[in-house]
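K.L.:
structure-v9.csv is reproduced in full below (CSV, C-alpha atoms).
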```csv
chain,number,residue,atom,x,y,z
J,1,ALA,CA,-20.6,-42.2,3.9
J,2,ILE,CA,-20.6,-41.3,0.2
J,3,LYS,CA,-24.2,-40.3,0.5
J,4,ALA,CA,-23.5,-38.2,3.5
J,5,TYR,CA,-20.7,-36.3,1.7
J,6,GLU,CA,-23.1,-35.8,-1.3
J,7,ARG,CA,-25.8,-34.5,1.0
J,8,LEU,CA,-23.4,-32.1,2.8
J,9,SER,CA,-22.1,-30.8,-0.6
J,10,LEU,CA,-25.7,-30.2,-1.8
J,11,HIS,CA,-26.6,-28.4,1.4
J,12,HIS,CA,-23.7,-26.0,1.0
J,13,ILE,CA,-24.2,-25.5,-2.7
J,14,ASN,CA,-27.8,-24.6,-2.0
J,15,LYS,CA,-26.6,-22.0,0.5
J,16,GLY,CA,-24.2,-20.5,-2.1
J,17,ASP,CA,-21.1,-21.7,-0.2
J,18,HIS,CA,-19.3,-23.3,-3.1
J,19,HIS,CA,-16.0,-23.5,-1.3
J,20,GLN,CA,-17.4,-25.7,1.5
J,21,SER,CA,-19.4,-27.7,-1.1
J,22,MET,CA,-16.2,-28.4,-3.0
J,23,HIS,CA,-14.5,-29.5,0.3
J,24,TYR,CA,-17.2,-32.2,0.8
J,25,VAL,CA,-17.1,-33.2,-2.8
J,26,GLU,CA,-13.4,-33.9,-2.7
J,27,LYS,CA,-13.8,-35.8,0.5
J,28,GLY,CA,-16.6,-37.9,-1.0
J,29,LEU,CA,-14.7,-38.7,-4.2
J,30,LEU,CA,-11.6,-39.6,-2.2
J,31,TYR,CA,-13.7,-42.0,0.0
J,32,ALA,CA,-15.5,-43.4,-3.1
J,33,GLY,CA,-12.2,-44.6,-4.7
J,34,ASN,CA,-13.1,-46.6,-7.8
J,35,ARG,CA,-16.8,-47.0,-7.0
J,36,GLU,CA,-17.7,-44.6,-9.8
J,37,GLY,CA,-20.8,-46.6,-10.6
J,38,ASP,CA,-22.4,-45.4,-7.4
J,39,GLY,CA,-25.1,-42.9,-8.1
J,40,HIS,CA,-23.9,-40.6,-5.4
J,41,VAL,CA,-20.5,-40.3,-7.1
J,42,ILE,CA,-22.3,-39.0,-10.2
J,43,LEU,CA,-24.1,-36.5,-8.0
J,44,LEU,CA,-20.8,-35.4,-6.4
J,45,TYR,CA,-19.3,-34.7,-9.8
J,46,LEU,CA,-22.4,-32.7,-10.9
J,47,GLN,CA,-22.1,-30.7,-7.7
J,48,LYS,CA,-18.4,-30.2,-8.3
J,49,ILE,CA,-19.2,-28.8,-11.7
J,50,GLN,CA,-21.7,-26.3,-10.1
J,51,ALA,CA,-19.2,-25.2,-7.6
J,52,LEU,CA,-16.5,-24.7,-10.3
J,53,LEU,CA,-19.0,-22.7,-12.4
J,54,LEU,CA,-19.7,-20.5,-9.4
J,55,GLU,CA,-15.9,-19.9,-9.2
J,56,ASN,CA,-16.0,-19.1,-13.0
J,57,SER,CA,-13.6,-22.1,-13.6
J,58,ILE,CA,-15.3,-23.0,-16.9
J,59,ASP,CA,-12.5,-25.1,-18.3
J,60,LYS,CA,-12.3,-27.3,-15.2
J,61,ALA,CA,-16.1,-27.6,-15.2
J,62,ARG,CA,-16.0,-28.9,-18.8
J,63,GLU,CA,-13.3,-31.4,-17.8
J,64,ASN,CA,-15.4,-32.7,-15.0
J,65,LEU,CA,-18.4,-32.9,-17.3
J,66,GLU,CA,-16.4,-35.2,-19.6
J,67,ILE,CA,-15.8,-37.4,-16.6
J,68,VAL,CA,-19.5,-37.6,-15.9
J,69,PHE,CA,-20.2,-38.5,-19.5
J,70,ASP,CA,-17.6,-41.3,-19.3
J,71,ILE,CA,-19.1,-42.6,-16.1
J,72,LEU,CA,-22.6,-42.5,-17.5
J,73,SER,CA,-21.6,-44.4,-20.6
J,74,ARG,CA,-20.6,-47.3,-18.4
J,75,SER,CA,-23.3,-47.1,-15.8
J,76,SER,CA,-26.5,-49.1,-15.7
J,77,LYS,CA,-28.1,-46.2,-13.7
J,78,SER,CA,-27.4,-43.5,-16.3
J,79,GLU,CA,-31.1,-43.0,-17.1
J,80,GLU,CA,-31.7,-41.7,-13.6
J,81,TYR,CA,-29.4,-38.7,-13.9
J,82,TRP,CA,-29.9,-37.2,-17.3
J,83,GLY,CA,-32.3,-34.6,-16.0
J,84,LEU,CA,-29.6,-33.2,-13.7
J,85,VAL,CA,-27.0,-33.6,-16.4
J,86,TYR,CA,-29.1,-31.5,-18.8
J,87,SER,CA,-29.5,-28.8,-16.2
J,88,THR,CA,-25.7,-28.8,-15.5
J,89,ILE,CA,-25.0,-28.5,-19.2
J,90,ALA,CA,-27.5,-25.6,-19.4
J,91,TYR,CA,-25.8,-23.9,-16.5
J,92,LEU,CA,-22.5,-24.2,-18.3
J,93,MET,CA,-23.9,-22.8,-21.5
J,94,GLU,CA,-25.4,-19.9,-19.5
J,95,MET,CA,-22.0,-19.1,-17.9
J,96,GLU,CA,-20.4,-19.1,-21.4
J,97,GLY,CA,-23.1,-16.6,-22.6
J,98,ASP,CA,-24.7,-19.1,-25.0
J,99,PHE,CA,-28.2,-18.4,-23.7
J,100,GLU,CA,-30.2,-20.0,-26.6
J,101,GLN,CA,-28.3,-23.2,-26.1
J,102,ALA,CA,-28.8,-22.9,-22.3
J,103,ILE,CA,-32.5,-22.7,-22.8
J,104,SER,CA,-32.5,-25.7,-25.1
J,105,TYR,CA,-30.9,-27.8,-22.4
J,106,TYR,CA,-33.1,-26.4,-19.6
J,107,GLN,CA,-36.0,-27.4,-21.9
J,108,LYS,CA,-34.6,-31.0,-22.1
J,109,ALA,CA,-34.2,-31.0,-18.3
J,110,PHE,CA,-37.8,-29.9,-17.9
J,111,ASN,CA,-39.1,-32.5,-20.4
J,112,TYR,CA,-37.2,-35.2,-18.6
J,113,SER,CA,-38.2,-34.1,-15.1
J,114,SER,CA,-41.9,-33.6,-15.9
J,115,LYS,CA,-42.1,-37.0,-17.5
J,116,LYS,CA,-40.7,-38.5,-14.3
J,117,LEU,CA,-43.1,-36.4,-12.2
J,118,ASN,CA,-40.2,-34.7,-10.6
J,119,TYR,CA,-41.9,-31.5,-9.6
J,120,LEU,CA,-38.9,-29.8,-8.0
J,121,ASP,CA,-36.6,-30.2,-10.9
J,122,SER,CA,-39.4,-29.2,-13.3
J,123,TYR,CA,-39.9,-26.0,-11.4
J,124,LYS,CA,-36.2,-25.2,-11.3
J,125,ALA,CA,-35.8,-25.7,-15.1
J,126,LEU,CA,-38.8,-23.5,-15.8
J,127,ASN,CA,-37.7,-20.8,-13.5
J,128,ASN,CA,-34.2,-20.8,-15.0
J,129,MET,CA,-35.6,-20.5,-18.5
J,130,GLY,CA,-37.9,-17.7,-17.3
J,131,ASN,CA,-34.9,-15.8,-15.9
J,132,LEU,CA,-32.9,-16.2,-19.1
J,133,TYR,CA,-35.9,-15.0,-21.2
J,134,ASN,CA,-36.4,-12.1,-18.8
J,135,ILE,CA,-32.9,-10.9,-18.1
J,136,GLU,CA,-30.7,-12.0,-21.0
J,137,LEU,CA,-33.0,-12.4,-24.0
J,138,LYS,CA,-35.6,-9.7,-23.2
J,139,GLN,CA,-38.5,-11.9,-24.2
J,140,ALA,CA,-41.0,-10.9,-21.6
J,141,GLN,CA,-44.0,-13.1,-22.7
J,142,LYS,CA,-41.9,-16.3,-22.9
J,143,ALA,CA,-40.5,-15.4,-19.4
J,144,LEU,CA,-44.0,-15.0,-18.0
J,145,ASN,CA,-45.1,-18.3,-19.6
J,146,CYS,CA,-42.3,-20.1,-17.8
J,147,TYR,CA,-42.9,-18.3,-14.5
J,148,GLN,CA,-46.6,-19.1,-14.6
J,149,GLU,CA,-46.1,-22.7,-15.4
J,150,SER,CA,-43.5,-23.0,-12.6
J,151,ILE,CA,-46.1,-21.8,-10.2
J,152,GLU,CA,-48.3,-24.8,-10.9
J,153,TYR,CA,-45.4,-27.1,-9.9
J,154,LEU,CA,-44.7,-25.1,-6.8
J,155,HIS,CA,-48.3,-25.5,-5.7
J,156,LEU,CA,-48.0,-29.2,-6.1
J,157,LEU,CA,-44.8,-29.1,-4.0
J,158,GLY,CA,-46.3,-26.8,-1.4
J,159,ASP,CA,-43.0,-24.7,-1.7
J,160,HIS,CA,-43.9,-21.3,-0.3
J,161,ILE,CA,-40.4,-19.9,-0.6
J,162,GLY,CA,-40.3,-20.9,-4.3
J,163,LEU,CA,-43.7,-19.3,-4.9
J,164,ALA,CA,-42.6,-16.1,-3.3
J,165,THR,CA,-39.4,-16.1,-5.4
J,166,VAL,CA,-41.2,-16.6,-8.7
J,167,TYR,CA,-43.8,-13.9,-7.9
J,168,ASN,CA,-40.8,-11.7,-7.1
J,169,ASN,CA,-39.3,-12.5,-10.5
J,170,MET,CA,-42.6,-11.7,-12.2
J,171,GLY,CA,-42.9,-8.5,-10.3
J,172,ASN,CA,-39.5,-7.4,-11.5
J,173,LEU,CA,-40.4,-8.2,-15.1
J,174,TYR,CA,-43.6,-6.1,-14.9
J,175,LEU,CA,-41.6,-3.3,-13.2
J,176,LYS,CA,-39.2,-3.1,-16.1
J,177,GLN,CA,-42.3,-2.7,-18.4
J,178,SER,CA,-43.6,0.1,-16.1
J,179,ASN,CA,-46.6,-2.1,-15.5
J,180,TYR,CA,-46.8,-0.9,-11.9
J,181,LYS,CA,-50.2,-2.5,-11.0
J,182,ASP,CA,-49.2,-6.0,-12.1
J,183,ALA,CA,-45.8,-5.6,-10.5
J,184,ILE,CA,-47.2,-4.6,-7.1
J,185,GLU,CA,-49.8,-7.4,-7.3
J,186,SER,CA,-47.0,-9.9,-8.0
J,187,PHE,CA,-45.0,-8.7,-5.0
J,188,HIS,CA,-48.2,-8.8,-2.9
J,189,ASN,CA,-48.8,-12.4,-4.0
J,190,GLY,CA,-45.3,-13.2,-2.9
J,191,PHE,CA,-46.1,-12.2,0.6
J,192,LYS,CA,-49.4,-14.1,0.5
J,193,ALA,CA,-47.5,-17.2,-0.6
J,194,LEU,CA,-45.1,-17.0,2.4
J,195,SER,CA,-47.9,-17.2,5.0
J,196,SER,CA,-51.6,-17.8,5.0
J,197,ASP,CA,-51.8,-15.3,7.9
J,198,PHE,CA,-51.3,-12.5,5.4
J,199,SER,CA,-54.4,-12.6,3.2
J,200,ASP,CA,-55.1,-8.9,2.6
J,201,THR,CA,-56.5,-8.5,-0.9
J,202,LEU,CA,-55.6,-4.8,-1.1
J,203,TRP,CA,-52.3,-4.7,-3.0
J,204,PHE,CA,-51.2,-1.4,-1.4
J,205,LYS,CA,-51.4,-3.0,2.1
J,206,ASN,CA,-48.2,-4.3,3.7
J,207,PRO,CA,-47.5,-7.1,6.3
J,208,THR,CA,-47.0,-5.7,9.8
J,209,SER,CA,-43.5,-5.7,11.3
J,210,GLU,CA,-44.8,-8.4,13.7
J,211,HIS,CA,-45.9,-10.5,10.8
J,212,LEU,CA,-42.5,-10.2,9.1
J,213,ARG,CA,-40.7,-11.3,12.3
J,214,SER,CA,-43.0,-14.4,12.5
J,215,VAL,CA,-42.6,-15.3,8.8
J,216,GLY,CA,-38.7,-15.3,8.8
J,217,HIS,CA,-37.1,-15.9,5.4
J,218,GLU,CA,-35.6,-12.4,5.6
J,219,GLN,CA,-33.8,-12.5,2.2
J,220,ILE,CA,-37.0,-13.0,0.2
J,221,THR,CA,-39.0,-10.7,2.4
J,222,PHE,CA,-36.4,-8.0,2.0
J,223,SER,CA,-36.4,-8.4,-1.8
J,224,LEU,CA,-40.2,-8.3,-2.0
J,225,ASN,CA,-40.4,-5.2,0.3
J,226,TYR,CA,-37.6,-3.4,-1.5
J,227,ASN,CA,-39.0,-4.1,-5.0
J,228,LYS,CA,-42.5,-3.2,-3.9
J,229,ALA,CA,-41.2,0.1,-2.5
J,230,GLU,CA,-39.3,0.9,-5.6
J,231,THR,CA,-42.4,0.2,-7.7
J,232,PHE,CA,-44.6,2.5,-5.6
J,233,LEU,CA,-41.9,5.2,-5.8
J,234,LYS,CA,-41.8,5.0,-9.6
J,235,TYR,CA,-45.6,5.0,-9.7
J,236,TYR,CA,-45.6,8.2,-7.6
J,237,LEU,CA,-43.0,9.9,-9.8
J,238,ASP,CA,-45.1,9.0,-12.9
J,239,GLU,CA,-48.5,10.0,-11.5
J,240,GLY,CA,-47.8,12.3,-8.6
J,241,ASN,CA,-50.2,10.4,-6.3
J,242,GLN,CA,-49.1,11.3,-2.7
J,243,ASP,CA,-50.6,8.0,-1.4
J,244,TYR,CA,-48.1,6.0,-3.5
J,245,LEU,CA,-45.2,7.9,-2.0
J,246,GLU,CA,-46.4,7.2,1.6
J,247,VAL,CA,-46.7,3.5,0.8
J,248,ALA,CA,-43.2,3.5,-0.8
J,249,LEU,CA,-41.7,5.1,2.4
J,250,GLU,CA,-43.6,2.6,4.6
J,251,THR,CA,-42.4,-0.3,2.6
J,252,PHE,CA,-38.8,0.8,2.5
J,253,LYS,CA,-38.9,0.8,6.3
J,254,LEU,CA,-40.1,-2.8,6.2
J,255,ALA,CA,-37.2,-3.6,3.9
J,256,ASP,CA,-34.8,-2.1,6.5
J,257,LEU,CA,-36.4,-4.3,9.1
J,258,SER,CA,-35.7,-7.4,7.0
J,259,ILE,CA,-32.0,-6.4,6.8
J,260,ASN,CA,-31.9,-5.8,10.6
J,261,LEU,CA,-33.5,-9.3,11.2
J,262,MET,CA,-30.9,-10.8,8.8
J,263,ARG,CA,-28.1,-9.2,10.8
J,264,TRP,CA,-29.6,-10.3,14.1
J,265,ASN,CA,-29.9,-13.9,12.9
J,266,GLN,CA,-26.4,-13.9,11.6
J,267,ARG,CA,-25.0,-12.8,14.9
J,268,HIS,CA,-27.2,-15.3,16.7
J,269,ASP,CA,-26.0,-18.1,14.5
J,270,GLU,CA,-22.3,-17.1,15.1
J,271,SER,CA,-22.9,-17.0,18.8
J,272,LYS,CA,-23.8,-20.7,18.7
J,273,LEU,CA,-20.6,-21.8,17.1
```
Show the structure stored in the file as structure tokens.

P.N.:
Amino acid sequence: AIKAYERLSLHHINKGDHHQSMHYVEKGLLYAGNREGDGHVILLYLQKIQALLLENSIDKARENLEIVFDILSRSSKSEEYWGLVYSTIAYLMEMEGDFEQAISYYQKAFNYSSKKLNYLDSYKALNNMGNLYNIELKQAQKALNCYQESIEYLHLLGDHIGLATVYNNMGNLYLKQSNYKDAIESFHNGFKALSSDFSDTLWFKNPTSEHLRSVGHEQITFSLNYNKAETFLKYYLDEGNQDYLEVALETFKLADLSINLMRWNQRHDESKL
């Protein structure tokens, strides 16, 4: 049962529903009682810290991190969890605005995870470092290095959504540099990662509306379409090429389609409740 609560908490934290995640964390910890040596109890506390940070409850997050340290100091299984602990500390540092310290802990998380051949956590640590270098520290080349290395792990995982997300991050980085060609190519690669059915090598080509419907994953397809459209629009404003404006308008329409599909799916899901 502890494992079930931990899995439910993780499911909701990954969906961004930290309130529901916290609900299952508290149930799991109540059920666990004094079985704090159980690995799933450690995971529940780490998920609780993530949920608290999403609520911006930094002091409470620190208090629960101290509980984790105390449990790990007395647990024979502590070695198994240090990668996740490093990532959690990094996230706490990030929320406190200490970005250099956050990167140092994400690097520790990556070193630990890559040594254990944990490709998923290795990718997450690299992508988080890339985002901090890109958005907060304005160090574009270091960000690109992290994104490009994370792509290698995503290929090993066969994680198409992760690949599309990283290509989207890279595209946004290039867009901020007004490097329109590389930005558009990155967004295009994001679409190619989502489905082998879309293999067009011409970066100004778009997936068809039918293809978007078949791919699903509307949040990332919206982001890719919108960012690609914005890039073509800025490209047009800089160079005055009418073809770029036409592609921008076409791609904005596909972004609208992704929004409509998201709304339809939401209503469909609610109708099943």

K.L.:
Which residues come within 10 Å of His155 in chain J, counting all atoms listed in the file, excluding same-chain residues fewer than 6 positions away, as an NGL selection string?

P.N.:
:J and (119 or 162-163 or 193)

K.L.:
How far is it from CA of Asn145 in chain J to CA of Leu84 in chain J, in Å with one decimal?

P.N.:
22.3 Å

K.L.:
For Lys3 in chain J, find every residue with an atom within 8 Å (counting all atoms listed in the file), except residues of its own chain fewer than 3 positions away, and show them as a list in words.

P.N.:
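Selected residues are Glu6, Arg7 and His40 of chain J.
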
K.L.:
In Å, with one decimal, what is the gap from CA of Ile58 in chain J to CA of Ile89 in chain J?

P.N.:
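Here the two named atoms are 11.4 Å from each other.
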
K.L.:
Which residues are near Ala248 in chain J? Cut-off 9 Å, all atoms listed in the file, ignore same chain within fewer than 5 positions. Put them as a PyMOL selection string.

P.N.:
chain J and resi 226+228-233+236+243+253

K.L.:
Those residues you just picked out, can you put them in a file as a compact mmCIF listing (two decimals), keeping the file's coordinate frame with C-alpha atoms?

P.N.:
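File written: selection.txt
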```
# COMPACT_ATOMS: atom_id res chain seq x y z
CA TYR J 226 -37.60 -3.40 -1.50
CA LYS J 228 -42.50 -3.20 -3.90
CA ALA J 229 -41.20 0.10 -2.50
CA GLU J 230 -39.30 0.90 -5.60
CA THR J 231 -42.40 0.20 -7.70
CA PHE J 232 -44.60 2.50 -5.60
CA LEU J 233 -41.90 5.20 -5.80
CA TYR J 236 -45.60 8.20 -7.60
CA ASP J 243 -50.60 8.00 -1.40
CA LYS J 253 -38.90 0.80 6.30
```

K.L.:
From the set J:Ser178, J:Leu154, J:Phe204, J:Ser209, which residue has the shortest atom-to-atom contact distance to Leu245 in chain J, counting all atoms listed in the file?

P.N.:
J:Phe204

K.L.:
Tell me which of J:Val85, J:Gly171, J:Arg74, J:Lys108 sits closest to His188 in chain J, counting only C-alpha atoms.

P.N.:
J:Gly171
